[in-house]
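Q: Input file: structure_31.cif. Contents: mmCIF, C-alpha atoms.
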```cif
data_my_file
loop_
_atom_site.label_atom_id
_atom_site.label_comp_id
_atom_site.auth_asym_id
_atom_site.auth_seq_id
_atom_site.Cartn_x
_atom_site.Cartn_y
_atom_site.Cartn_z
CA MET A 1 -4.61 -22.65 -44.57
CA ASP A 2 -8.38 -22.26 -44.52
CA HIS A 3 -10.25 -20.75 -41.60
CA GLU A 4 -11.90 -23.96 -40.39
CA ARG A 5 -8.59 -25.82 -40.41
CA SER A 6 -6.89 -23.07 -38.36
CA LYS A 7 -9.78 -23.09 -35.87
CA ALA A 8 -9.37 -26.84 -35.40
CA LEU A 9 -5.63 -26.49 -34.76
CA LEU A 10 -6.21 -23.70 -32.27
CA ARG A 11 -8.78 -25.83 -30.44
CA GLU A 12 -6.20 -28.61 -30.20
CA LEU A 13 -3.73 -26.06 -28.84
CA GLN A 14 -6.25 -25.02 -26.18
CA ARG A 15 -6.67 -28.63 -25.05
CA ALA A 16 -3.00 -29.62 -25.29
CA SER A 17 -1.79 -31.22 -22.04
CA GLY A 18 1.14 -29.68 -20.19
CA THR A 19 0.58 -26.20 -21.63
CA GLY A 20 -1.85 -24.64 -19.13
CA ASN A 21 -3.81 -23.35 -22.12
CA ASP A 22 -7.14 -24.59 -20.75
CA ARG A 23 -7.32 -21.54 -18.46
CA CYS A 24 -6.69 -17.84 -18.95
CA ALA A 25 -3.00 -17.08 -18.44
CA ASP A 26 -3.81 -13.99 -16.39
CA CYS A 27 -6.91 -14.67 -14.26
CA GLY A 28 -7.37 -18.45 -14.43
CA ARG A 29 -10.81 -18.38 -16.04
CA PRO A 30 -11.47 -21.72 -17.79
CA GLY A 31 -11.93 -22.01 -21.57
CA PRO A 32 -10.05 -18.97 -22.91
CA GLU A 33 -11.27 -17.93 -26.38
CA TRP A 34 -8.59 -15.33 -27.18
CA ALA A 35 -4.81 -15.40 -27.55
CA SER A 36 -1.85 -13.03 -27.57
CA TYR A 37 0.17 -13.98 -30.61
CA LYS A 38 3.12 -11.86 -29.41
CA LEU A 39 3.36 -13.51 -25.99
CA GLY A 40 2.13 -16.96 -27.00
CA ILE A 41 -0.61 -17.21 -24.37
CA LEU A 42 -4.35 -17.88 -24.26
CA VAL A 43 -6.55 -15.43 -22.36
CA CYS A 44 -10.24 -14.87 -21.61
CA VAL A 45 -12.32 -12.19 -23.31
CA ASN A 46 -12.06 -9.84 -20.29
CA CYS A 47 -8.27 -10.02 -20.10
CA SER A 48 -8.01 -9.71 -23.88
CA GLY A 49 -9.55 -6.24 -23.53
CA ILE A 50 -6.71 -5.25 -21.22
CA HIS A 51 -4.15 -6.68 -23.64
CA ARG A 52 -5.60 -4.47 -26.39
CA ASN A 53 -4.43 -1.45 -24.39
CA LEU A 54 -0.81 -2.66 -24.60
CA PRO A 55 -0.24 -2.76 -28.38
CA GLY A 56 3.53 -2.41 -28.07
CA ILE A 57 3.71 -5.44 -25.78
CA THR A 58 0.93 -7.77 -26.86
CA ARG A 59 -1.59 -8.24 -29.67
CA VAL A 60 -4.66 -10.44 -29.49
CA LYS A 61 -6.81 -12.48 -31.86
CA SER A 62 -9.94 -14.53 -31.33
CA LEU A 63 -9.49 -18.28 -31.57
CA VAL A 64 -12.90 -18.51 -33.24
CA LEU A 65 -13.59 -15.30 -35.15
CA ASP A 66 -10.19 -14.31 -36.57
CA PHE A 67 -8.06 -15.84 -39.31
CA TRP A 68 -4.69 -17.21 -38.19
CA GLU A 69 -1.65 -17.46 -40.46
CA ASN A 70 0.52 -20.60 -40.32
CA ASP A 71 3.51 -18.85 -38.74
CA LEU A 72 1.37 -17.49 -35.88
CA ILE A 73 -0.06 -20.94 -35.14
CA GLU A 74 3.45 -22.40 -35.10
CA PHE A 75 4.54 -19.65 -32.72
CA MET A 76 1.65 -20.47 -30.39
CA LYS A 77 2.58 -24.17 -30.50
CA SER A 78 6.13 -23.42 -29.37
CA HIS A 79 4.95 -21.31 -26.43
CA GLY A 80 1.90 -21.57 -24.16
CA ASN A 81 0.63 -20.39 -20.79
CA LEU A 82 2.97 -22.41 -18.59
CA CYS A 83 5.95 -21.33 -20.68
CA ALA A 84 4.97 -17.67 -20.21
CA LYS A 85 4.31 -18.23 -16.51
CA ALA A 86 7.85 -19.58 -16.02
CA LYS A 87 9.23 -16.40 -17.57
CA TYR A 88 6.92 -13.62 -16.43
CA GLU A 89 5.97 -14.98 -12.98
CA ALA A 90 9.36 -16.34 -11.94
CA LYS A 91 9.73 -14.04 -8.91
CA VAL A 92 6.23 -13.12 -7.75
CA PRO A 93 6.55 -12.18 -4.03
CA PRO A 94 4.63 -14.39 -1.59
CA TYR A 95 2.47 -11.48 -0.44
CA TYR A 96 1.58 -10.21 -3.93
CA TYR A 97 -2.09 -10.66 -4.72
CA ILE A 98 -2.67 -12.63 -7.93
CA PRO A 99 -6.17 -11.72 -9.15
CA HIS A 100 -8.92 -14.11 -10.18
CA SER A 101 -11.49 -13.81 -12.96
CA ASP A 102 -14.08 -12.14 -10.69
CA ASP A 103 -11.70 -9.54 -9.26
CA CYS A 104 -12.06 -5.87 -10.17
CA VAL A 105 -10.57 -4.49 -13.38
CA VAL A 106 -7.83 -2.42 -11.74
CA LEU A 107 -6.37 -5.49 -10.02
CA ARG A 108 -6.37 -7.53 -13.22
CA GLU A 109 -5.05 -4.68 -15.35
CA GLN A 110 -2.14 -3.89 -13.04
CA TRP A 111 -1.30 -7.61 -12.74
CA ILE A 112 -1.09 -7.84 -16.55
CA ARG A 113 0.91 -4.62 -16.83
CA ALA A 114 3.25 -5.69 -14.01
CA LYS A 115 3.95 -8.98 -15.77
CA TYR A 116 4.35 -8.03 -19.41
CA GLU A 117 4.82 -4.25 -19.59
CA ARG A 118 7.02 -3.62 -16.53
CA GLU A 119 8.34 -7.21 -16.27
CA GLU A 120 8.41 -6.92 -12.48
CA PHE A 121 8.62 -10.66 -11.82
CA VAL A 122 11.13 -11.95 -14.40
CA ALA A 123 14.12 -13.86 -13.02
CA THR A 124 16.64 -11.33 -14.34
CA ARG A 125 15.06 -8.34 -12.57
CA VAL A 126 17.41 -6.89 -9.96
CA CYS A 127 15.68 -3.67 -8.82
CA GLN A 128 13.62 -3.73 -5.63
CA ASP A 129 9.90 -4.40 -5.69
CA PRO A 130 8.23 -1.07 -4.75
CA CYS A 131 5.68 -2.84 -2.55
CA SER A 132 8.31 -4.52 -0.38
CA ALA A 133 10.12 -1.32 0.64
CA GLU A 134 10.27 -0.78 4.42
CA ASN A 135 8.44 2.55 4.12
CA ARG A 136 5.78 3.82 1.73
CA GLU A 137 4.57 7.39 1.71
CA GLY A 138 2.10 9.23 -0.49
CA PHE A 139 -1.28 10.89 -0.87
CA LEU A 140 -4.64 9.14 -1.19
CA TRP A 141 -8.14 10.55 -1.51
CA LYS A 142 -9.92 9.65 1.74
CA LEU A 143 -13.68 9.78 2.32
CA GLY A 144 -14.53 12.31 5.05
CA GLN A 145 -16.54 11.63 8.19
CA GLY A 146 -19.75 12.93 6.65
CA ARG A 147 -19.25 10.48 3.77
CA ARG A 148 -19.97 13.23 1.26
CA GLN A 149 -16.54 14.36 0.11
CA PHE A 150 -13.10 12.89 -0.49
CA HIS A 151 -10.10 14.79 0.89
CA LYS A 152 -6.48 14.43 -0.16
CA ARG A 153 -4.58 13.02 2.81
CA LYS A 154 -1.03 11.89 3.42
CA PHE A 155 -0.49 8.22 4.31
CA PHE A 156 2.63 6.58 5.69
CA LEU A 157 3.20 2.81 5.98
CA SER A 158 6.18 1.32 7.80
CA ALA A 159 6.73 -2.44 7.73
CA ARG A 160 9.65 -2.06 10.13
CA GLU A 161 7.60 -0.12 12.70
CA GLY A 162 4.51 -2.22 12.00
CA VAL A 163 2.19 0.78 11.61
CA MET A 164 0.22 2.80 9.09
CA LYS A 165 -0.42 6.49 9.75
CA TYR A 166 -2.51 9.08 8.04
CA TYR A 167 -2.55 12.84 8.55
CA GLY A 168 -5.15 15.56 8.53
CA LYS A 169 -4.95 18.63 6.31
CA GLU A 170 -1.61 20.43 6.77
CA SER A 171 -0.98 18.48 9.98
CA THR A 172 2.38 17.11 11.12
CA VAL A 173 0.78 14.94 13.79
CA PRO A 174 -0.87 11.73 12.57
CA LYS A 175 -4.62 11.59 12.94
CA ALA A 176 -4.42 7.83 13.45
CA VAL A 177 -1.66 5.31 14.06
CA ILE A 178 -2.84 1.87 12.93
CA SER A 179 -1.14 -1.35 13.92
CA VAL A 180 -0.30 -3.65 11.02
CA GLU A 181 -1.47 -6.50 13.28
CA THR A 182 -5.15 -5.74 12.52
CA LEU A 183 -4.70 -4.03 9.15
CA ASN A 184 -6.47 -5.38 6.06
CA ALA A 185 -7.44 -3.98 2.68
CA MET A 186 -9.85 -4.94 -0.09
CA PHE A 187 -11.13 -3.29 -3.24
CA GLN A 188 -14.72 -2.03 -3.03
CA GLU A 189 -15.66 -0.21 -6.23
CA TRP A 190 -19.41 -0.06 -5.63
CA LYS A 191 -19.15 0.93 -1.96
CA ILE A 192 -16.70 3.77 -2.60
CA GLY A 193 -18.07 4.82 -5.98
CA HIS A 194 -14.72 4.73 -7.77
CA SER A 195 -13.09 2.04 -9.91
CA HIS A 196 -9.92 2.36 -7.81
CA GLY A 197 -11.76 2.36 -4.47
CA LEU A 198 -9.96 0.63 -1.61
CA GLN A 199 -11.42 -0.17 1.81
CA ILE A 200 -8.83 -0.27 4.60
CA THR A 201 -10.03 -2.09 7.71
CA TYR A 202 -8.43 -2.15 11.15
CA SER A 203 -9.32 -2.61 14.82
CA THR A 204 -8.90 -0.07 17.59
CA ASP A 205 -10.19 -0.22 21.17
CA GLY A 206 -12.09 -3.39 20.32
CA GLN A 207 -13.96 -1.75 17.45
CA THR A 208 -13.57 -2.29 13.70
CA ARG A 209 -12.92 0.88 11.73
CA ASN A 210 -12.94 1.48 7.97
CA LEU A 211 -11.12 3.98 5.78
CA PHE A 212 -12.37 4.45 2.22
CA VAL A 213 -9.72 5.71 -0.18
CA TYR A 214 -8.81 5.87 -3.84
CA HIS A 215 -6.09 7.16 -6.15
CA GLU A 216 -6.39 8.35 -9.75
CA SER A 217 -3.54 6.02 -10.76
CA GLY A 218 -4.40 2.33 -10.96
CA LYS A 219 -0.76 1.40 -10.41
CA GLU A 220 -0.50 3.57 -7.31
CA ILE A 221 -3.59 2.18 -5.58
CA VAL A 222 -2.63 -1.44 -6.37
CA ASP A 223 0.89 -0.75 -5.10
CA TRP A 224 -0.62 0.52 -1.83
CA PHE A 225 -2.82 -2.58 -1.64
CA ASN A 226 0.16 -4.89 -2.08
CA ALA A 227 2.33 -2.77 0.23
CA ILE A 228 -0.23 -3.34 3.00
CA ARG A 229 -0.09 -7.06 2.23
CA ALA A 230 3.72 -6.92 2.31
CA ALA A 231 3.70 -5.19 5.70
CA ARG A 232 1.23 -7.79 7.02
CA TYR A 233 3.44 -10.56 5.66
CA HIS A 234 6.51 -9.05 7.34
CA TYR A 235 4.61 -8.73 10.62
CA LEU A 236 3.36 -12.32 10.57
CA ARG A 237 6.78 -13.72 9.67
CA THR A 238 8.34 -11.77 12.54
CA ALA A 239 5.67 -12.10 15.22
CA PHE A 240 4.47 -15.63 14.45
CA PRO A 241 7.30 -17.70 12.96
CA ASN A 242 5.35 -20.77 14.03
CA VAL A 243 1.66 -21.34 14.63
CA PRO A 244 1.13 -20.32 18.28
CA GLU A 245 0.07 -22.92 20.80
CA HIS A 246 -3.47 -22.66 22.18
CA GLU A 247 -4.04 -21.55 25.72
CA HIS A 248 -5.65 -24.82 26.74
CA LYS A 249 -6.40 -23.63 30.28
CA GLU A 250 -8.91 -21.02 29.12
CA ALA A 251 -12.45 -22.25 29.65
CA PHE A 252 -15.14 -22.03 26.97
CA LYS A 253 -17.62 -19.24 27.65
CA GLY A 254 -21.15 -18.91 26.26
CA ARG A 255 -21.48 -15.97 23.87
CA TRP A 256 -24.07 -14.77 21.36
CA PHE A 257 -22.60 -14.37 17.89
CA SER A 258 -23.72 -12.19 15.00
CA LEU A 259 -22.21 -12.44 11.51
CA ASP A 260 -22.11 -9.32 9.31
CA SER A 261 -21.28 -10.70 5.85
CA GLN A 262 -21.29 -7.22 4.27
CA GLU A 263 -18.56 -5.89 6.55
CA ARG A 264 -16.96 -9.36 6.98
CA ASN A 265 -17.18 -9.17 10.79
CA LEU A 266 -18.03 -11.87 13.34
CA MET A 267 -19.25 -10.02 16.44
CA TYR A 268 -19.91 -11.55 19.85
CA PHE A 269 -22.11 -10.38 22.72
CA LYS A 270 -22.49 -11.51 26.31
CA ASN A 271 -26.26 -11.40 25.86
CA PRO A 272 -28.24 -11.32 22.59
CA LEU A 273 -29.89 -8.00 23.46
CA ASP A 274 -26.68 -6.16 24.40
CA GLU A 275 -26.34 -2.84 22.59
CA PHE A 276 -22.60 -3.14 22.02
CA ALA A 277 -20.51 -6.13 20.97
CA ARG A 278 -17.86 -7.40 23.41
CA GLY A 279 -15.54 -7.93 20.47
CA GLN A 280 -15.35 -8.76 16.81
CA ILE A 281 -13.24 -10.80 14.44
CA PHE A 282 -12.55 -9.59 10.93
CA ILE A 283 -12.91 -12.37 8.34
CA GLY A 284 -10.62 -11.98 5.36
CA ARG A 285 -10.12 -14.03 2.22
CA ARG A 286 -8.77 -17.54 1.84
CA ASP A 287 -5.63 -16.34 0.05
CA GLU A 288 -4.92 -14.08 3.06
CA GLY A 289 -4.72 -17.08 5.41
CA TYR A 290 -8.32 -17.38 6.61
CA GLU A 291 -9.95 -20.79 6.87
CA VAL A 292 -12.76 -22.56 8.74
CA ARG A 293 -12.58 -26.22 9.79
CA PRO A 294 -15.04 -28.57 11.60
CA GLU A 295 -12.72 -29.87 14.31
CA LEU A 296 -11.03 -29.31 17.65
CA PRO A 297 -7.32 -28.45 17.87
CA LYS A 298 -5.02 -31.22 18.97
CA GLY A 299 -4.60 -31.29 22.74
CA ILE A 300 -8.08 -30.04 23.62
CA ARG A 301 -10.29 -32.61 25.33
CA LEU A 302 -13.96 -32.24 26.24
CA LYS A 303 -15.84 -34.22 28.86
CA LYS A 304 -18.87 -34.30 26.58
CA ARG A 305 -18.60 -34.22 22.80
CA LYS A 306 -19.88 -31.08 21.09
CA PRO A 307 -19.62 -30.07 17.42
CA SER A 308 -16.70 -27.67 17.08
CA ILE A 309 -15.34 -25.10 14.65
CA ILE A 310 -11.85 -23.68 14.17
CA LEU A 311 -11.69 -20.24 12.55
CA VAL A 312 -8.14 -19.74 11.30
CA THR A 313 -6.86 -16.16 10.90
CA PRO A 314 -3.32 -14.96 10.12
CA GLY A 315 -2.74 -14.03 13.77
CA ARG A 316 -4.37 -16.89 15.67
CA GLU A 317 -7.01 -19.62 15.66
CA PHE A 318 -10.42 -19.22 17.32
CA VAL A 319 -12.24 -22.27 18.64
CA PHE A 320 -16.02 -22.41 18.99
CA LEU A 321 -18.45 -25.06 20.21
CA CYS A 322 -21.93 -25.44 18.72
CA ASP A 323 -25.13 -26.74 20.27
CA ASN A 324 -25.64 -29.40 17.61
CA ASP A 325 -24.44 -30.69 14.23
CA GLU A 326 -26.98 -28.62 12.32
CA LYS A 327 -25.75 -25.37 13.90
CA GLN A 328 -22.16 -26.38 13.17
CA LYS A 329 -23.00 -26.93 9.51
CA GLU A 330 -24.84 -23.59 9.24
CA TRP A 331 -21.98 -21.63 10.77
CA ILE A 332 -19.33 -23.35 8.66
CA GLU A 333 -21.27 -22.65 5.47
CA ALA A 334 -21.80 -19.00 6.43
CA LEU A 335 -18.17 -18.41 7.44
CA ASP A 336 -16.78 -20.28 4.45
CA GLY A 337 -19.04 -18.25 2.15
CA ILE A 338 -17.41 -15.01 3.36
CA ILE A 339 -13.89 -16.44 3.23
CA SER A 340 -14.50 -17.53 -0.38
CA GLN A 341 -15.62 -14.05 -1.44
CA ASN A 342 -13.21 -11.69 -3.20
#
```
Reformat the file's structure so that it appears as structure tokens.
A:
Amino acid sequence: MDHERSKALLRELQRASGTGNDRCADCGRPGPEWASYKLGILVCVNCSGIHRNLPGITRVKSLVLDFWENDLIEFMKSHGNLCAKAKYEAKVPPYYYIPHSDDCVVLREQWIRAKYEREEFVATRVCQDPCSAENREGFLWKLGQGRRQFHKRKFFLSAREGVMKYYGKESTVPKAVISVETLNAMFQEWKIGHSHGLQITYSTDGQTRNLFVYHESGKEIVDWFNAIRAARYHYLRTAFPNVPEHEHKEAFKGRWFSLDSQERNLMYFKNPLDEFARGQIFIGRRDEGYEVRPELPKGIRLKKRKPSIILVTPGREFVFLCDNDEKQKEWIEALDGIISQN
């Protein structure tokens, strides 16, 4: 078969309905231009680079640049992205983070390795997911208070106890005990200066704190990331089996709000010139259960109509009233912009 003919057949394969081939099998990026002819999937150029590092598991060709033999095209026709998804993503845990095209490399690489190399999510797998274990213990490199050096520190996460602890050098007493209730994590390569850099955020005494950590192993740091998500998931399922009812008797109080998009914090002050915030709300990602809506919760009635906003977080919903429609629109756009970030 000549090269142009094979290209045309591969293009048809990419557009074939019911195959899922119009998007990358691993990150969802539209218009994949590469394919794994061992797995029978189409992938984007970025994910194809990761596949190249797994020669025993997968091998890739360009749909446009490379020559395709007849038997390989027939193999691709009999498979496809949805077929592979049914096999390799059969048992993905509800808390496990599935990366998108704009996520960092370590997340995408470990997702690909977990699926095809370790086959962690196939239906026949019987061993326990390492992220869902009740306890996780290990060492991470933590940025010191002076933000100049990283120090190797022991971390302990208990989903059953609902806490994360970390210890100082050669200490048997935890330096901090962090409630899973306010615990969040996100990858921040540029902020931490390491490709495996993880920012752990939590609240204590009404203040938001950050821990900046990394691990040399991509698998280890992603397992910690998903273990934190698993502990959060366990906490939410236990503490909030149903969406809690609003305390309708609480009156609305005027507050001055400041949004820090860099740190993903919504801070509120009694007066705009106050030195310290009265409180703050961490704003996570949409896939973590955060959402903003232009409405009032059912059951709340106002004597005089005012534009309203509901900020949905995994733990509760916050209700705000705005001065006018324009302010409501501005706040919704700003909040939704942060929620949509990865």
Q: How would you write as a ChimeraX atom specification the residues that get within 10 Å of (-9.8, -16.7, 3.0) in the file's frame, counting all atoms listed in the file?
A: /A:283-292,312-314,335-342
Q: Go through the shown structure with the PyMOL selection byres ((chain A and resi 177) around 6) and write out the matching residues as a PyMOL selection string.
A: chain A and resi 164-165+176+178
Q: Point out the residue among A:Lys306, A:Arg237, A:Arg278, A:Lys115 with the least atom-to-atom distance to Pro294 in chain A, counting only C-alpha atoms.
A: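 Checking each candidate against Pro294 in chain A, we get A:Lys306 as the closest.
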Q: If you apply the PyMOL selection byres ((chain A and resi 30-47) around 10) to this file, what residues do you get, as a count of residues only?
A: 54
Q: Hey, can you check how far CA of Val222 in chain A sits from CA of Leu107 in chain A?
A: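 According to the coordinates, CA of Val222 in chain A and CA of Leu107 in chain A are separated by 6.6 Å.
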Q: In Å, how far is it from CA of Ala123 in chain A to CA of Ala86 in chain A?
A: 9.0 Å
Q: With the file shown as input, list the residues that the PyMOL selection byres ((chain A and resi 134) around 6) selects, as number ranges by chain.
A: A: 133, 135, 158-160
Q: Write the residues of the selection above to a file with C-alpha atoms, as a tab-separated table (two decimals), in the frame of the given file.
A:
```
chain	number	residue	atom	x	y	z
A	133	ALA	CA	10.12	-1.32	0.64
A	135	ASN	CA	8.44	2.55	4.12
A	158	SER	CA	6.18	1.32	7.80
A	159	ALA	CA	6.73	-2.44	7.73
A	160	ARG	CA	9.65	-2.06	10.13
```
Q: Rank nothing, just name the residue among A:Glu317, A:Glu4, A:Asp103, A:Glu117 nearest to Phe67 in chain A, using only C-alpha atoms.
A: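 Looking at the shortest contact to Phe67 in chain A, the residue is A:Glu4.
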Q: Measuring atom to atom with only C-alpha atoms, identify which of A:Asp223, A:Glu189, A:Glu161, A:Glu89 is nearest to Val122 in chain A.
A: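 Comparing A:Asp223, A:Glu189, A:Glu161, A:Glu89 against Val122 in chain A, the winner is A:Glu89.
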Q: Let me make sure I understand: among A:Val163, A:Leu54, A:Met267, A:Leu140, which one has the smallest atom-to-atom distance to Ser179 in chain A if we use all atoms listed in the file?
A: A:Val163
Q: Grab the CA of Glu216 in chain A to CA of Phe282 in chain A distance for me, in Å with one decimal place.
A: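 For CA of Glu216 in chain A relative to CA of Phe282 in chain A, the distance reads 28.1 Å.
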Q: Identify which of the residues A:Arg148, A:Arg316, A:Arg136, A:Lys7 lies closest to Glu220 in chain A, counting only C-alpha atoms when measuring atom-to-atom distances.
A: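 Looking only at the distances to Glu220 in chain A, the closest residue turns out to be A:Arg136.
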